[in-house]
Amino acid sequence: MTARDLAVIVVAAGRGERLGANTPKAFVEILGRSILEYSLIPLQNMDALAQVIVAARASHREAALDIADSVLGHSGIRIDVVVGGETRQQSIANALAVVDSAAEVVLVHDAARAFATTKLFERVADSVRETRTACIPALQIADTIKRVEGQNILDTVDRSSLRAAQTPQGFVASELVAAYREAGEDFTDDAALMQSLGHKVFFVDGEAAAEKITTASDLARVVSRLSSGTRTGMGVDVHRFSADPTKPLYLGTIEWPGVPGLDGHSDGDAVSHAIVDALLSAAGLGDIGSNFGVDRPEFEGANGSVFLTETIALLEDAGFRPVNVSVQVIGNRPKISTQRVATERALSELIGAPVSFGATTTDGLGFLGNDEGVAAVASALIIDSEARLTS
Ligand code: CTP
Ligand code: MG
């Protein structure tokens, strides 16, 4: 096992003015996950990582901590969230103030480069370890570059000697801390700050995936590429009201007092079962019967949460995660409005994605209008959890 010598600073304290969303850029969501969350995911599998420091605006400090905890909380990595400053450089300075003294290498990364891969982080960190010299990822430039003055083209610049700088940028931790103490002016990246103080900086190949999300069109491009990994599914379930009036009713995993329960091999929770079918069908994993059939005694009388938890695990194994789920009850009873919010909350928690919950009647028609039972219909959107921008 590699020694844990690495700290990563993720700066997420910008306003995102050029993006123009009504929330700071790092907290804008793409298919149910924030940009900050995407940017932290590649850090999950880095053996050498000892500490992650996120810089966020004061208004989003708690939100940043929740996100970092949910992505990295189980990994034994030290997580710090600091309040950012007026400039990117100030945000990094605030983060450097809490960097662990045991960290030998520090990487500074823009949350806005949300889809940089683990490989890129490793490539930069390895270069710093080997050379004990700063290193940044850089990409060749495809466009022909012109030098201009007013509306005039002056000349064409030889692009073979030009590179576009990306992040994560890597440094010997003690050198970056010292450089930040000395730096007088504001630089647009840390490589420039280090060079202003005479440090050498190397580069390794960057990647297209690490492109920065700056404008609304950058965001639209990312959304459309990620969306190519989405799939939908639907599910329907119907259960008859029990002849036993003392049987409790469970729908959406929670109890509904005052209404008789539903018959079934399990607890008759048509809402949870319809969602399970929607999720399984979206993933192409069969249906509730083929996965949790009546031949499996452990599901006898089981609460909907058991099926949902198992279903999410099946999806995860198959490389999918839910983006959102919508479910509707059809029937006269119970009155869904009485516990709509609580049900949505319980289901969202279990599924790890937003769930919306509604209800309708059949205008007195049919077995549902006759009050013989309850039906539920659900749809689910899921995404290939590996769906990222390819480099
Ligand atoms: N950043 C920061 N603190 C600041 C300014 C920027 O932590 N005071 C971070 C941003 O959150 C982003 C990265 O630095 O992850 C790169 O900055 P940029 O793309 O310019 O993001 P914003 O400053 O948020 O966007 P804009 O300039 O359009 O307002
Ligand atoms: Mg900015």
# chains A, B, ... in the order shown; residues from 1 in each chain; ligands from 1
>>> residues_around(residues="stretch 379-383 of chain A", least_positions_apart="2", cutoff="6 Å", atoms="only C-alpha atoms", output="list in words")
Gly229, Thr230, Arg231, Thr232, Gly233, Met234, Ala278, Leu279, Phe320, Arg321, Pro322, Val323, Asn324, Val325, Ser326 and Ser385 of chain A
>>> closest_atom_pairs(of="chain A", to="ligand 1", cutoff="10 Å", atoms="only C-alpha atoms and all ligand atoms", output="CSV")
residue,atom,partner,partner_atom_place_in_ligand_line,distance
A:Ile9,CA,ligand 1,7 (O),9.7
A:Val10,CA,ligand 1,15 (O),7.3
A:Val11,CA,ligand 1,7 (O),3.9
A:Ala12,CA,ligand 1,11 (O),3.3
A:Ala13,CA,ligand 1,7 (O),3.5
A:Gly14,CA,ligand 1,24 (O),3.1
A:Arg15,CA,ligand 1,24 (O),4.1
A:Gly16,CA,ligand 1,24 (O),3.4
A:Glu17,CA,ligand 1,29 (O),3.6
A:Arg18,CA,ligand 1,28 (O),3.6
A:Leu19,CA,ligand 1,28 (O),5.7
A:Gly20,CA,ligand 1,28 (O),7.7
A:Ala21,CA,ligand 1,28 (O),10.0
A:Thr23,CA,ligand 1,24 (O),9.9
A:Pro24,CA,ligand 1,24 (O),6.5
A:Lys25,CA,ligand 1,24 (O),5.5
A:Ala26,CA,ligand 1,11 (O),6.1
A:Phe27,CA,ligand 1,11 (O),9.5
A:Ile35,CA,ligand 1,15 (O),9.1
A:Leu36,CA,ligand 1,15 (O),8.3
A:Ser39,CA,ligand 1,15 (O),9.4
A:Val54,CA,ligand 1,7 (O),8.5
A:Ala55,CA,ligand 1,7 (O),5.7
A:Ala56,CA,ligand 1,7 (O),6.4
A:Arg57,CA,ligand 1,3 (N),7.7
A:Val83,CA,ligand 1,7 (O),8.9
A:Gly84,CA,ligand 1,3 (N),5.5
A:Gly85,CA,ligand 1,8 (N),5.0
A:Glu86,CA,ligand 1,8 (N),4.2
A:Thr87,CA,ligand 1,8 (N),3.4
A:Arg88,CA,ligand 1,4 (C),3.7
A:Gln89,CA,ligand 1,3 (N),7.0
A:Gln90,CA,ligand 1,8 (N),6.6
A:Ser91,CA,ligand 1,3 (N),4.9
A:Ile92,CA,ligand 1,7 (O),7.0
A:Asn94,CA,ligand 1,7 (O),9.8
A:Ala95,CA,ligand 1,7 (O),9.6
A:Val108,CA,ligand 1,14 (O),9.8
A:His109,CA,ligand 1,15 (O),7.5
A:Asp110,CA,ligand 1,15 (O),3.9
A:Ala111,CA,ligand 1,15 (O),4.0
A:Ala112,CA,ligand 1,15 (O),4.1
A:Arg113,CA,ligand 1,15 (O),7.0
A:Ala114,CA,ligand 1,15 (O),8.5
A:Thr167,CA,ligand 1,16 (C),9.4
A:Thr188,CA,ligand 1,17 (O),8.8
A:Asp189,CA,ligand 1,16 (C),9.1
A:Lys212,CA,ligand 1,19 (O),6.6
A:Ile213,CA,ligand 1,19 (O),6.7
A:Thr214,CA,ligand 1,19 (O),5.3
A:Thr215,CA,ligand 1,28 (O),7.2
>>> residues_around(residues="A:Asp267", least_positions_apart="6", cutoff="12 Å", atoms="only C-alpha atoms", output="VMD selection string")
chain A and resid 239 to 242 247 to 255 260 to 261 273 299 to 307
>>> write_last_selection(atoms="N, CA, C and O atoms", output="mmCIF file, in the first residue's frame")
data_model
loop_
_atom_site.group_PDB
_atom_site.id
_atom_site.type_symbol
_atom_site.label_atom_id
_atom_site.label_comp_id
_atom_site.auth_asym_id
_atom_site.auth_seq_id
_atom_site.Cartn_x
_atom_site.Cartn_y
_atom_site.Cartn_z
ATOM 1 N N HIS A 239 -52.510 -4.350 -5.333
ATOM 2 C CA HIS A 239 -52.805 -5.273 -4.228
ATOM 3 C C HIS A 239 -54.220 -5.040 -3.725
ATOM 4 O O HIS A 239 -54.723 -3.917 -3.736
ATOM 5 N N ARG A 240 -54.825 -6.133 -3.273
ATOM 6 C CA ARG A 240 -56.188 -6.129 -2.764
ATOM 7 C C ARG A 240 -56.167 -5.769 -1.267
ATOM 8 O O ARG A 240 -55.239 -6.165 -0.558
ATOM 9 N N PHE A 241 -57.166 -4.978 -0.817
ATOM 10 C CA PHE A 241 -57.273 -4.719 0.626
ATOM 11 C C PHE A 241 -57.501 -6.040 1.345
ATOM 12 O O PHE A 241 -58.260 -6.901 0.869
ATOM 13 N N SER A 242 -56.878 -6.205 2.493
ATOM 14 C CA SER A 242 -56.978 -7.439 3.266
ATOM 15 C C SER A 242 -58.363 -7.566 3.910
ATOM 16 O O SER A 242 -58.982 -6.555 4.283
ATOM 17 N N LYS A 247 -54.925 -5.629 9.959
ATOM 18 C CA LYS A 247 -53.634 -5.627 9.260
ATOM 19 C C LYS A 247 -53.239 -4.182 8.938
ATOM 20 O O LYS A 247 -54.035 -3.430 8.370
ATOM 21 N N PRO A 248 -52.021 -3.752 9.308
ATOM 22 C CA PRO A 248 -51.643 -2.356 9.027
ATOM 23 C C PRO A 248 -51.339 -2.138 7.534
ATOM 24 O O PRO A 248 -50.890 -3.056 6.847
ATOM 25 N N LEU A 249 -51.590 -0.921 7.089
ATOM 26 C CA LEU A 249 -51.316 -0.574 5.691
ATOM 27 C C LEU A 249 -49.915 0.046 5.569
ATOM 28 O O LEU A 249 -49.584 0.995 6.287
ATOM 29 N N TYR A 250 -49.139 -0.489 4.650
ATOM 30 C CA TYR A 250 -47.838 0.114 4.325
ATOM 31 C C TYR A 250 -47.817 0.504 2.864
ATOM 32 O O TYR A 250 -48.109 -0.306 1.996
ATOM 33 N N LEU A 251 -47.478 1.770 2.601
ATOM 34 C CA LEU A 251 -47.283 2.234 1.225
ATOM 35 C C LEU A 251 -46.060 3.140 1.215
ATOM 36 O O LEU A 251 -45.924 4.006 2.098
ATOM 37 N N GLY A 252 -45.201 2.940 0.260
ATOM 38 C CA GLY A 252 -43.989 3.764 0.202
ATOM 39 C C GLY A 252 -43.129 3.572 1.431
ATOM 40 O O GLY A 252 -42.476 4.520 1.880
ATOM 41 N N THR A 253 -43.166 2.366 1.996
ATOM 42 C CA THR A 253 -42.396 1.905 3.170
ATOM 43 C C THR A 253 -42.952 2.389 4.511
ATOM 44 O O THR A 253 -42.513 1.940 5.553
ATOM 45 N N ILE A 254 -43.907 3.340 4.503
ATOM 46 C CA ILE A 254 -44.372 3.852 5.801
ATOM 47 C C ILE A 254 -45.810 3.426 6.086
ATOM 48 O O ILE A 254 -46.559 3.077 5.174
ATOM 49 N N GLU A 255 -46.188 3.478 7.360
ATOM 50 C CA GLU A 255 -47.517 3.027 7.780
ATOM 51 C C GLU A 255 -48.551 4.136 7.599
ATOM 52 O O GLU A 255 -48.253 5.311 7.837
ATOM 53 N N PRO A 260 -57.177 -0.177 6.123
ATOM 54 C CA PRO A 260 -56.721 -1.567 6.224
ATOM 55 C C PRO A 260 -55.533 -1.850 5.322
ATOM 56 O O PRO A 260 -55.327 -1.179 4.311
ATOM 57 N N GLY A 261 -54.777 -2.874 5.702
ATOM 58 C CA GLY A 261 -53.584 -3.254 4.947
ATOM 59 C C GLY A 261 -53.915 -3.991 3.671
ATOM 60 O O GLY A 261 -55.084 -4.246 3.362
ATOM 61 N N HIS A 273 -43.232 -1.592 -4.550
ATOM 62 C CA HIS A 273 -43.051 -2.652 -5.556
ATOM 63 C C HIS A 273 -43.071 -2.091 -6.978
ATOM 64 O O HIS A 273 -42.300 -2.539 -7.841
ATOM 65 N N PHE A 299 -38.322 -12.827 2.003
ATOM 66 C CA PHE A 299 -39.096 -11.638 1.647
ATOM 67 C C PHE A 299 -40.546 -11.725 2.109
ATOM 68 O O PHE A 299 -41.333 -10.826 1.865
ATOM 69 N N GLU A 300 -40.897 -12.822 2.782
ATOM 70 C CA GLU A 300 -42.266 -12.965 3.258
ATOM 71 C C GLU A 300 -42.568 -11.884 4.290
ATOM 72 O O GLU A 300 -41.836 -11.735 5.273
ATOM 73 N N GLY A 301 -43.604 -11.115 4.032
ATOM 74 C CA GLY A 301 -43.990 -10.049 4.959
ATOM 75 C C GLY A 301 -43.021 -8.881 5.001
ATOM 76 O O GLY A 301 -43.166 -7.977 5.824
ATOM 77 N N ALA A 302 -42.021 -8.875 4.102
ATOM 78 C CA ALA A 302 -40.957 -7.860 4.191
ATOM 79 C C ALA A 302 -41.467 -6.471 3.851
ATOM 80 O O ALA A 302 -42.328 -6.298 2.976
ATOM 81 N N ASN A 303 -40.918 -5.477 4.516
ATOM 82 C CA ASN A 303 -41.229 -4.071 4.246
ATOM 83 C C ASN A 303 -40.641 -3.670 2.885
ATOM 84 O O ASN A 303 -39.623 -4.206 2.453
ATOM 85 N N GLY A 304 -41.297 -2.701 2.251
ATOM 86 C CA GLY A 304 -40.829 -2.220 0.953
ATOM 87 C C GLY A 304 -39.371 -1.771 0.975
ATOM 88 O O GLY A 304 -38.671 -1.869 -0.034
ATOM 89 N N SER A 305 -38.915 -1.286 2.128
ATOM 90 C CA SER A 305 -37.532 -0.794 2.204
ATOM 91 C C SER A 305 -36.531 -1.915 1.920
ATOM 92 O O SER A 305 -35.452 -1.672 1.371
ATOM 93 N N VAL A 306 -36.896 -3.153 2.275
ATOM 94 C CA VAL A 306 -35.994 -4.288 2.032
ATOM 95 C C VAL A 306 -35.810 -4.487 0.526
ATOM 96 O O VAL A 306 -34.690 -4.627 0.029
ATOM 97 N N PHE A 307 -36.924 -4.435 -0.213
ATOM 98 C CA PHE A 307 -36.858 -4.616 -1.661
ATOM 99 C C PHE A 307 -36.104 -3.459 -2.326
ATOM 100 O O PHE A 307 -35.318 -3.660 -3.237
#
>>> closest_residue(among="A:Leu31, A:Val71, A:Leu6, A:Ala378", to="A:Ile275", atoms="only C-alpha atoms")
A:Ala378
>>> residues_around(residues="A:Leu314", least_positions_apart="5", cutoff="10 Å", atoms="only C-alpha atoms", output="tab-separated table (two decimals) with N, CA and C atoms, in the first residue's frame")
chain	number	residue	atom	x	y	z
A	279	LEU	N	-37.29	0.50	-11.53
A	279	LEU	CA	-35.81	0.55	-11.47
A	279	LEU	C	-35.20	-0.66	-12.16
A	280	LEU	N	-35.75	-1.84	-11.87
A	280	LEU	CA	-35.20	-3.06	-12.47
A	280	LEU	C	-35.37	-3.05	-13.99
A	283	ALA	N	-32.92	-0.86	-15.76
A	283	ALA	CA	-31.57	-1.43	-15.81
A	283	ALA	C	-31.52	-2.72	-16.62
A	285	LEU	N	-32.83	-5.55	-15.70
A	285	LEU	CA	-32.50	-6.61	-14.73
A	285	LEU	C	-33.70	-7.47	-14.37
A	291	ASN	N	-36.55	-11.44	-9.45
A	291	ASN	CA	-35.47	-11.17	-8.48
A	291	ASN	C	-35.83	-11.55	-7.04
A	308	LEU	N	-36.39	-2.26	-1.83
A	308	LEU	CA	-35.75	-1.09	-2.46
A	308	LEU	C	-34.24	-1.11	-2.22
A	309	THR	N	-33.83	-1.43	-1.00
A	309	THR	CA	-32.40	-1.46	-0.70
A	309	THR	C	-31.70	-2.52	-1.55
A	319	GLY	N	-23.82	-1.30	-12.46
A	319	GLY	CA	-23.22	-0.04	-12.91
A	319	GLY	C	-24.21	1.09	-13.12
A	320	PHE	N	-25.36	1.05	-12.45
A	320	PHE	CA	-26.35	2.12	-12.61
A	320	PHE	C	-26.66	2.80	-11.28
A	321	ARG	N	-27.12	4.05	-11.36
A	321	ARG	CA	-27.67	4.72	-10.17
A	321	ARG	C	-28.93	5.47	-10.61
>>> closest_residue(among="A:Val374, A:Glu344, A:Arg296, A:Phe187", to="ligand 2", atoms="only C-alpha atoms and all ligand atoms")
A:Phe187
>>> atom_distance(atom1="atom CA of A:Ala243", atom2="atom CA of A:Glu372")
10.2 Å
>>> atom_distance(atom1="atom CA of A:Asp371", atom2="atom CA of A:Lys335")
12.8 Å
>>> closest_residue(among="A:Asp263, A:Asp205, A:Glu298, A:Glu182", to="A:Glu122", atoms="only C-alpha atoms")
A:Asp205
>>> atom_distance(atom1="atom CA of A:Leu120", atom2="atom CA of A:Val204")
8.9 Å
>>> select_by_dssp(residues="stretch 161-323 of chain A", states="helix (DSSP H, G or I)", output="ChimeraX atom specification")
/A:161,173-182,190-196,208-210,216-227,270-283,288-291,297-299,304-317
>>> residues_around(residues="stretch 169-179 of chain A", least_positions_apart="3", cutoff="10 Å", atoms="only C-alpha atoms", output="VMD selection string")
chain A and resid 5 to 9 92 to 93 96 to 97 99 to 110 120 to 129 131 to 138 165 to 166 182 to 184 189 to 191 193 to 199 201 to 203
>>> select_by_dssp(residues="stretch 56-152 of chain A", states="strand (DSSP E or B)", output="ChimeraX atom specification")
/A:56,78-83,105-110,134-139,145-149,152
>>> closest_residue(among="A:Leu262, A:Ala220, A:Val98, A:Leu139", to="A:Glu207", atoms="only C-alpha atoms")
A:Leu139
>>> closest_residue(among="A:Pro42, A:Ala68, A:Ser224, A:Gln140", to="A:Arg163", atoms="only C-alpha atoms")
A:Gln140
